[in-house]
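Colleague: Can you read through this structure? Questions will come right after.
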Amino acid sequence: MSELKELMEKTRKAQAVFASFSQEQVDEIFKAAATKANARRIELAQMAVEETGMGVVEDKVLKNHYASEYIYNRYKEEKTCGVIERDEAGGFERIAEPIGVAGAIVPTTNPTSTAIFKCLICLKTRNGLVLSPHPRAKNCTIEAARTVLDAAVEAGAPKDIIGWIETPSVEASAELMREADIILATGGPQMVKAAYSSGKPAIGVGAGNTPALFDKTAHIRAAVASVIHSKTFDNGMICASEQSVVVAKEIYKEVKAEFAAQGAYFLNAEETEKLRKNAFPNGALNAKIVGQTAAQIAGICGIQVRDETKVLIAEVTSVEESEPLSKEKLSPILAMYKFGEFSEGLEKAEALVFGGGKGHTASLYIDEEGAKDRLATFCERMKACRILINTPAAQGGIGDLYNFRLTPSLTLGCGSWGGNSVCENVGVQELLNIKSVAMRRENMLWFRAPEKVYFKRGCLKTAMRELGQEGYGKRRAFIVTDRFLYGSGACKRVTDELDTLGITHTEFFEVLPDPTLAVAREGAKRMEAFQPDLIIALGGGSPMDAAKIMWVLYEHPQTRFEDLAMRFMDIRKRVFGFPKMGQKAMFVAIPTTAGTGSEVTPFAVITDEKTGEKYPLADYELMPNMAICDVEFTLDIPQGLTASAGFDALSHAMEAVVSVLASDYTNGLAYEAVELLVAYLPRAFEKGRADIEAREKVFNASTIAGIAFANAFLGLCHSMAHKLGARWHLPHGVANALQLTRVMRFNAAETPLKMATFPQYAYPDALKRYAKVARKIGLKGATDEALFVALIDRIEELIKNLGIPATIKEALGDKVTEEEFLSSIDKLSQDAFDDQCTGANPRYPLIGEIKELYLQAYYGK
């Protein structure tokens with residue numbers, strides 16, 4: 001073990017230096033490390049699945065994202081260095097000191113996310129860290145640790161502050177636990193027991209065996225959807241995920257039917273026995289089933305099920321240790337029990353917790369208001385450190401997703417009940433048994449729009465007068481537009497008004513479709529030379545998007561584009577916070593097309609000219625201060641642009657309707673926009689300037705849809721369109737039209753493979769929302785399904801009437817061969833999955849499902 005001793009010595013020397021770092025230095029290192037880990041979340045997830053053969057790449061992406069973004073967000077303001085609290089009057093202060101070098105045991109089930117988590121919390125607390133990977137996951141674990149280390153060192157950390165055992169073994173782990181100052185143990189019961197027996201302080205966490213008790217007042221559909229959502233997440237490998245459901249007899253039949261309807265398979269007696277023998281040979285869990293799909297497990301057991309089966313459910317009665325299915329299964333397998341009186345359900349749930357998950361997690365589905373007495377009794381009886389109410393246990397247990405007071409963590413303490421030194425989600429080490437009751441809550445939503453939106457024909461003059469005279473007093477205007485608008489007279493209409501007001505101006509007209517970062521930087525350079533107090537973006541989406549990026553680079557030249565483009569799961573929890581805008585210049589958007597909505601949104605799409613990658617940026621600091629929507633600018637746009645831009649607006653409204661962030665505030669706008677576009681877009685397309693009413697209605701609908709999706713966000717259709725358009729240079733509205741109805745069918749599935757993770761979204765209901773749209777525009781149907789079909793038919797009829805191609809193949813024509821397109825589809829699919837818009841889609845797509853949607857759109861299936 002000489003190599004380990006040498007490694008520990010290096011890490012100790014580095015930690016001795018690190019211990020003298022200030023809070024500011026530590027925070028910079030912590031942020032850099034979180035940012036780098038976040039950037040590599042997909043690659044590390046792919047490595048983990050390839051090496052271990054367990055889990056789901058897309059879910060491991062979420063875990064890696066969570067381990068970087070949510071952990072950073074939770075601790076970014078936490079004081080961990082020196083004096084962290086001082087009471088001058090009371091003569092009291094608290095001083096934080098690091099422990100030394102931690103030894104971390106990393107499991108094979110969550111090899112990259114756990115490594116990222118442990119590295120980050122050690123960096124935040126100025127501790128050194130040496131990791132012992134699981135032998136079957138060593139490469140991906142080491143790569144995750146190396147990613148964090150490289151970023152930390154680049155930000156100023158000592159070069160040996162994080163290390164790892166290159167050739168892991170049981171003996172090496174045991175030696176590490178003897179050498180370290182504190183142990184962070186995550187793994188099987190034997191590993192955790194060894195950590196606590198090492199003679200060193202240990203933070204170990206026990207196994208989970210979460211029961212989900214369904215009270216007779218439970219909302220059945222939401223409860224079943226939550227359990228399936230949790231149990232299929234990474235194929236059931238999060239220790240907090242449900243292992244059993246304990247169901248009241250009054251609703252047992254309905255719950256069983258709902259599970260079946262949502263993709264579960266109920267085993268008969270013979271199949272249940274096969275599962276017992278194969279999943280628990282000799283009474284111990286078979287490692288070959290861990291992290292596999294329900295269909296794969298069924299195949300191992302000699303049971304025939306459909307490939308799309310989500311969960312295997314065995315109806316059993318015993319909660320004793322002699323029943324193997326009552327134990328932790330780390331896979332999409334559930335045991336299902338029936339109870340009569342509530343007290344019987346409590347006894348079963350309590351026995352399950354103590355039978356294999358002492359102190360870990362217990363879950364209850366119940367009417368919070370109508371059954372408060374039973375809820376209180378459940379909380380009192382369960383000896384569990386996490387008591388989750390109406391919440392998916394896997395995602396809920398790790399914290400900060402479905403309850404925002406529960407600390408985010410990938411190491412979940414079980415308290416003295418589970419033989420652990422901590423009872424909370426590990427982050428700040430505590431030695432008390434404190435029970436956390438986490439009830440599902442909807443997070444705050446928002447509604448934001450520009451300070452002022454001018455509309456109606458001829459409003460330009462009124463709005464410009466206000467900029468020059470009434471309160472704003474602007475004197476230097478920088479206009480961002482394209483060459484066509486600069487030369488066509490549209491730009492002159494604006495400059496004439498500026499001249500009348502005595503406002504000095506200059507024009508930047510080099511913006512092209514799909515504006516590049518290089519153009520934005522050049523524009524910002526000229527802004528710096530001109531020093532405007534007013535920026536006017538004149539045009540369609542391209543000038544407005546370019547102008548927004550110029551605005552940021554002008555006001556904050558030190559900002560890195562990589563930070564602006566960083567993806568996030570929740571805009572309020574992103575690692576990078578946009579700088580405050582408007583300190584130097586006011587931003588005014590004047591649209592000249594009816595479709596983009598950029599004049600009222602916090603979004604900008606910019607292309608990296610070096611890679612061809614198109615980046616959608618989102619932050620409310622990018623919201624224009626004023627929008628001037630004068631239909632005069634759109635009266636003469638050609639038919640092709642009318643069709644493409646108009647359909648872009650329709651896609652905005654349709655995706656806002658089903659977004660998981662949709663609200664009462666956004667729905668009315670989205671429905672109104674759809675109604676206006678369906679009624680007036682064909683007229684505007686056919687008659688142009690001859691039908692000014694239609695032009696104005698379409699223009700209004702575009703801005704209204706923009707305000708809707710500025711607050712509800714978009715979805716998979718736009719993710720796919722961004723990547724398709726960037727790769728093959730298709731107009732954005734056309735790219736959306738090629739995908740929209742197919743994505744709608746994908747979203748409308750009543751039992752999707754995976755639904756989105758957002759507290760407001762309790763169960764799949766996209767079909768119901770689409771049916772409401774159909775009714776709003778006057779379509780008929782006896783059922784939601786019939787209304788949905790009518791809506792699809794109407795949209796596809798609109799596509800045809802607007803002259804938009806029906807397939808990608810037709811849209812690309814002879815310039816792109818079938819072979820060329822098919823060779824691009826894997827990257828298109830992965831990039832679309834990683835697009836910022838995907839997270840708000842009601843159905844969480846797998847990369848393979850996106851690929852299939854692209855193929856359908858290409859061939860017209």
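For the structure tokens, the naming scheme is as follows: chains receive sequential letters (A, B, ...) according to their order of presentation, residues are indexed from 1 within each chain, and ligands are indexed from 1 in presentation order.
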Env of Ala726 in chain A: 12 Å cut, atoms = only C-alpha atoms, seq-sep filter 3 positions within chain, self excluded. Answer as a PyMOL selection string.
Modeller: chain A and resi 513-516+605-609+611-616+718-723+729-732+735+824+828+831-832
Colleague: Filtering to C-alpha atoms, could you give me those residues as a tab-separated table (two decimals), in the first residue's frame?
Modeller:
```
chain	number	residue	atom	x	y	z
A	513	PRO	CA	-29.47	35.03	-40.56
A	514	ASP	CA	-28.27	32.78	-37.72
A	515	PRO	CA	-26.06	35.55	-36.26
A	516	THR	CA	-22.66	34.52	-35.00
A	605	VAL	CA	-30.12	32.39	-30.11
A	606	ILE	CA	-26.51	32.82	-31.24
A	607	THR	CA	-24.23	30.60	-33.34
A	608	ASP	CA	-20.60	29.77	-32.61
A	609	GLU	CA	-19.01	30.34	-36.00
A	611	THR	CA	-18.27	24.95	-34.43
A	612	GLY	CA	-21.55	25.80	-36.14
A	613	GLU	CA	-23.30	25.13	-32.82
A	614	LYS	CA	-26.45	27.17	-32.18
A	615	TYR	CA	-26.90	28.24	-28.54
A	616	PRO	CA	-30.26	29.36	-27.14
A	718	HIS	CA	-37.97	24.07	-30.55
A	719	SER	CA	-35.02	22.04	-29.26
A	720	MET	CA	-35.15	19.87	-32.35
A	721	ALA	CA	-35.76	22.84	-34.65
A	722	HIS	CA	-32.77	24.75	-33.23
A	723	LYS	CA	-30.41	21.89	-34.06
A	729	HIS	CA	-29.65	25.95	-42.66
A	730	LEU	CA	-33.42	25.70	-42.70
A	731	PRO	CA	-35.60	28.69	-41.71
A	732	HIS	CA	-36.52	28.37	-38.06
A	735	ALA	CA	-37.85	23.60	-38.93
A	824	SER	CA	-25.84	13.68	-38.67
A	828	LEU	CA	-28.60	16.20	-33.76
A	831	ASP	CA	-27.71	18.16	-29.02
A	832	ALA	CA	-31.51	18.52	-29.08
```
Colleague: Considering only C-alpha atoms, return as number ranges by chain whatever protein or nucleic-acid residues lie within 12 Å of Gln304 in chain A, sequence-local ones (same chain, fewer than 2 positions apart) excluded.
Modeller: A: 265-268, 271, 274-275, 294-302, 306-309, 312
Colleague: Could you write out that same residue set with all heavy atoms as a short mmCIF file (atom, residue, chain, number, x, y, z; two decimals), in the first residue's frame?
Modeller:
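Below is the file that was written, out20.cif:
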```cif
data_model
loop_
_atom_site.label_atom_id
_atom_site.label_comp_id
_atom_site.auth_asym_id
_atom_site.auth_seq_id
_atom_site.Cartn_x
_atom_site.Cartn_y
_atom_site.Cartn_z
N TYR A 265 -46.44 -3.94 -15.04
CA TYR A 265 -46.86 -5.32 -15.32
C TYR A 265 -47.00 -6.07 -14.00
O TYR A 265 -46.06 -6.12 -13.20
CB TYR A 265 -45.83 -6.03 -16.21
CG TYR A 265 -46.19 -7.47 -16.51
CD1 TYR A 265 -47.06 -7.79 -17.55
CD2 TYR A 265 -45.65 -8.51 -15.75
CE1 TYR A 265 -47.39 -9.10 -17.83
CE2 TYR A 265 -45.97 -9.83 -16.03
CZ TYR A 265 -46.84 -10.13 -17.06
OH TYR A 265 -47.16 -11.44 -17.33
N PHE A 266 -48.18 -6.66 -13.78
CA PHE A 266 -48.43 -7.42 -12.56
C PHE A 266 -48.11 -8.89 -12.80
O PHE A 266 -48.64 -9.52 -13.72
CB PHE A 266 -49.87 -7.25 -12.10
CG PHE A 266 -50.12 -5.94 -11.41
CD1 PHE A 266 -50.37 -4.78 -12.13
CD2 PHE A 266 -50.07 -5.85 -10.02
CE1 PHE A 266 -50.57 -3.57 -11.50
CE2 PHE A 266 -50.27 -4.65 -9.37
CZ PHE A 266 -50.52 -3.50 -10.12
N LEU A 267 -47.23 -9.43 -11.97
CA LEU A 267 -46.81 -10.82 -12.09
C LEU A 267 -47.87 -11.74 -11.48
O LEU A 267 -48.45 -11.44 -10.42
CB LEU A 267 -45.48 -11.03 -11.36
CG LEU A 267 -44.32 -10.12 -11.79
CD1 LEU A 267 -43.18 -10.25 -10.82
CD2 LEU A 267 -43.86 -10.48 -13.19
N ASN A 268 -48.10 -12.90 -12.11
CA ASN A 268 -48.95 -13.90 -11.48
C ASN A 268 -48.13 -14.68 -10.46
O ASN A 268 -46.92 -14.42 -10.29
CB ASN A 268 -49.59 -14.80 -12.53
CG ASN A 268 -48.56 -15.57 -13.36
OD1 ASN A 268 -47.48 -15.92 -12.86
ND2 ASN A 268 -48.90 -15.84 -14.63
N GLU A 271 -45.02 -16.39 -11.90
CA GLU A 271 -44.00 -15.41 -12.30
C GLU A 271 -43.35 -14.76 -11.08
O GLU A 271 -42.15 -14.47 -11.07
CB GLU A 271 -44.63 -14.34 -13.21
CG GLU A 271 -45.04 -14.88 -14.57
CD GLU A 271 -45.92 -13.91 -15.34
OE1 GLU A 271 -46.60 -13.08 -14.69
OE2 GLU A 271 -45.95 -13.98 -16.59
N LYS A 274 -40.71 -17.03 -9.87
CA LYS A 274 -39.54 -16.95 -10.73
C LYS A 274 -38.71 -15.71 -10.39
O LYS A 274 -37.47 -15.76 -10.37
CB LYS A 274 -39.96 -16.88 -12.20
CG LYS A 274 -40.47 -18.19 -12.79
CD LYS A 274 -40.81 -18.00 -14.27
CE LYS A 274 -41.29 -19.30 -14.89
NZ LYS A 274 -41.63 -19.13 -16.33
N LEU A 275 -39.40 -14.60 -10.12
CA LEU A 275 -38.70 -13.37 -9.76
C LEU A 275 -37.94 -13.55 -8.45
O LEU A 275 -36.78 -13.13 -8.34
CB LEU A 275 -39.70 -12.22 -9.65
CG LEU A 275 -39.11 -10.85 -9.30
CD1 LEU A 275 -38.18 -10.36 -10.41
CD2 LEU A 275 -40.22 -9.83 -9.05
N ALA A 294 -37.17 -3.09 -16.70
CA ALA A 294 -38.13 -4.12 -16.30
C ALA A 294 -38.11 -5.27 -17.31
O ALA A 294 -38.18 -6.45 -16.93
CB ALA A 294 -39.52 -3.52 -16.20
N ALA A 295 -38.03 -4.95 -18.60
CA ALA A 295 -38.03 -5.99 -19.62
C ALA A 295 -36.78 -6.85 -19.53
O ALA A 295 -36.84 -8.09 -19.70
CB ALA A 295 -38.14 -5.36 -21.01
N GLN A 296 -35.63 -6.24 -19.26
CA GLN A 296 -34.40 -7.01 -19.13
C GLN A 296 -34.46 -7.94 -17.92
O GLN A 296 -34.03 -9.11 -17.99
CB GLN A 296 -33.21 -6.05 -19.00
CG GLN A 296 -32.87 -5.33 -20.28
CD GLN A 296 -31.85 -4.22 -20.07
OE1 GLN A 296 -31.79 -3.60 -19.00
NE2 GLN A 296 -31.03 -3.98 -21.08
N ILE A 297 -35.00 -7.46 -16.83
CA ILE A 297 -35.12 -8.29 -15.63
C ILE A 297 -36.08 -9.45 -15.88
O ILE A 297 -35.81 -10.60 -15.49
CB ILE A 297 -35.59 -7.44 -14.43
CG1 ILE A 297 -34.52 -6.40 -14.08
CG2 ILE A 297 -35.88 -8.32 -13.23
CD1 ILE A 297 -34.98 -5.34 -13.10
N ALA A 298 -37.18 -9.16 -16.54
CA ALA A 298 -38.13 -10.22 -16.87
C ALA A 298 -37.46 -11.30 -17.71
O ALA A 298 -37.66 -12.50 -17.50
CB ALA A 298 -39.33 -9.63 -17.60
N GLY A 299 -36.62 -10.88 -18.67
CA GLY A 299 -35.91 -11.83 -19.50
C GLY A 299 -34.98 -12.71 -18.70
O GLY A 299 -34.88 -13.92 -18.93
N ILE A 300 -34.28 -12.12 -17.73
CA ILE A 300 -33.39 -12.90 -16.86
C ILE A 300 -34.17 -13.95 -16.09
O ILE A 300 -33.69 -15.07 -15.84
CB ILE A 300 -32.65 -11.96 -15.89
CG1 ILE A 300 -31.66 -11.07 -16.66
CG2 ILE A 300 -31.93 -12.73 -14.79
CD1 ILE A 300 -31.04 -9.95 -15.84
N CYS A 301 -35.42 -13.60 -15.73
CA CYS A 301 -36.25 -14.49 -14.92
C CYS A 301 -37.09 -15.46 -15.76
O CYS A 301 -37.84 -16.26 -15.20
CB CYS A 301 -37.18 -13.66 -14.02
SG CYS A 301 -36.31 -12.60 -12.85
N GLY A 302 -37.01 -15.35 -17.06
CA GLY A 302 -37.81 -16.22 -17.91
C GLY A 302 -39.28 -15.82 -17.95
O GLY A 302 -40.17 -16.67 -18.07
N ARG A 306 -43.83 -6.96 -22.38
CA ARG A 306 -43.57 -6.05 -23.49
C ARG A 306 -42.31 -5.21 -23.21
O ARG A 306 -42.01 -4.90 -22.06
CB ARG A 306 -44.76 -5.13 -23.72
CG ARG A 306 -46.02 -5.88 -24.19
CD ARG A 306 -47.10 -4.92 -24.61
NE ARG A 306 -47.48 -4.01 -23.53
CZ ARG A 306 -48.31 -3.00 -23.68
NH1 ARG A 306 -48.86 -2.74 -24.86
NH2 ARG A 306 -48.63 -2.23 -22.65
N ASP A 307 -41.60 -4.86 -24.28
CA ASP A 307 -40.37 -4.10 -24.12
C ASP A 307 -40.60 -2.77 -23.42
O ASP A 307 -39.72 -2.27 -22.72
CB ASP A 307 -39.73 -3.84 -25.49
CG ASP A 307 -39.14 -5.10 -26.10
OD1 ASP A 307 -38.95 -6.07 -25.36
OD2 ASP A 307 -38.90 -5.09 -27.33
N GLU A 308 -41.79 -2.18 -23.61
CA GLU A 308 -42.05 -0.87 -23.02
C GLU A 308 -42.52 -0.94 -21.57
O GLU A 308 -42.86 0.09 -20.97
CB GLU A 308 -43.07 -0.10 -23.86
CG GLU A 308 -44.42 -0.77 -24.01
CD GLU A 308 -44.53 -1.65 -25.25
OE1 GLU A 308 -43.46 -2.19 -25.67
OE2 GLU A 308 -45.63 -1.82 -25.78
N THR A 309 -42.57 -2.15 -21.00
CA THR A 309 -42.98 -2.29 -19.60
C THR A 309 -42.06 -1.45 -18.70
O THR A 309 -40.84 -1.51 -18.81
CB THR A 309 -42.92 -3.76 -19.17
OG1 THR A 309 -43.82 -4.51 -19.98
CG2 THR A 309 -43.31 -3.91 -17.71
N LEU A 312 -42.10 -3.93 -12.84
CA LEU A 312 -42.66 -5.24 -12.51
C LEU A 312 -43.22 -5.16 -11.09
O LEU A 312 -42.53 -4.71 -10.18
CB LEU A 312 -41.59 -6.33 -12.58
CG LEU A 312 -40.87 -6.50 -13.92
CD1 LEU A 312 -39.81 -7.58 -13.80
CD2 LEU A 312 -41.85 -6.85 -15.03
#
```
Colleague: Env of Lys118 in chain A: 9 Å cut, atoms = only C-alpha atoms, seq-sep filter 5 positions within chain, self excluded. Answer as a count of residues only.
Modeller: 8
Colleague: List the neighbours of Thr666 in chain A out to 12 Å using only C-alpha atoms; skip same-chain residues closer than 2 positions along the sequence, and give me the result as a ChimeraX atom specification.
Modeller: /A:445-449,652-664,668-673,704-714
Colleague: Per DSSP on the backbone, filter range 72-244 of chain A down to the residues in strand (DSSP E) and report them as a ChimeraX atom specification.
Modeller: /A:82-87,92-96,101-105,128-132,162-164,182-185,202-204,210-214,242-244
Colleague: What does the distance from CA of Val153 in chain A to CA of Asn38 in chain A come to in Å, to one decimal?
Modeller: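 So the answer is 16.6 Å.
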Colleague: List the spatial neighbours of Met47 in chain A as JSON, numbers by chain - criterion: any atom at most 12 Å away, only C-alpha atoms, same-chain residues fewer than 2 positions off excluded.
Modeller: {"A": [40, 41, 42, 43, 44, 45, 49, 50, 51, 52, 53, 54, 55, 56, 57, 58, 60, 61, 64, 110, 111, 112, 113, 136, 137, 138, 139, 140, 141, 142, 143, 144]}
Colleague: Extract, using only C-alpha atoms, all DNA, RNA and protein residues at most 12 Å from Gln583 in chain A, discarding same-chain residues fewer than 6 positions from it, and format them as an MDAnalysis selection string.
Modeller: chainID A and resid 532:534 551:552 554:556 621 625
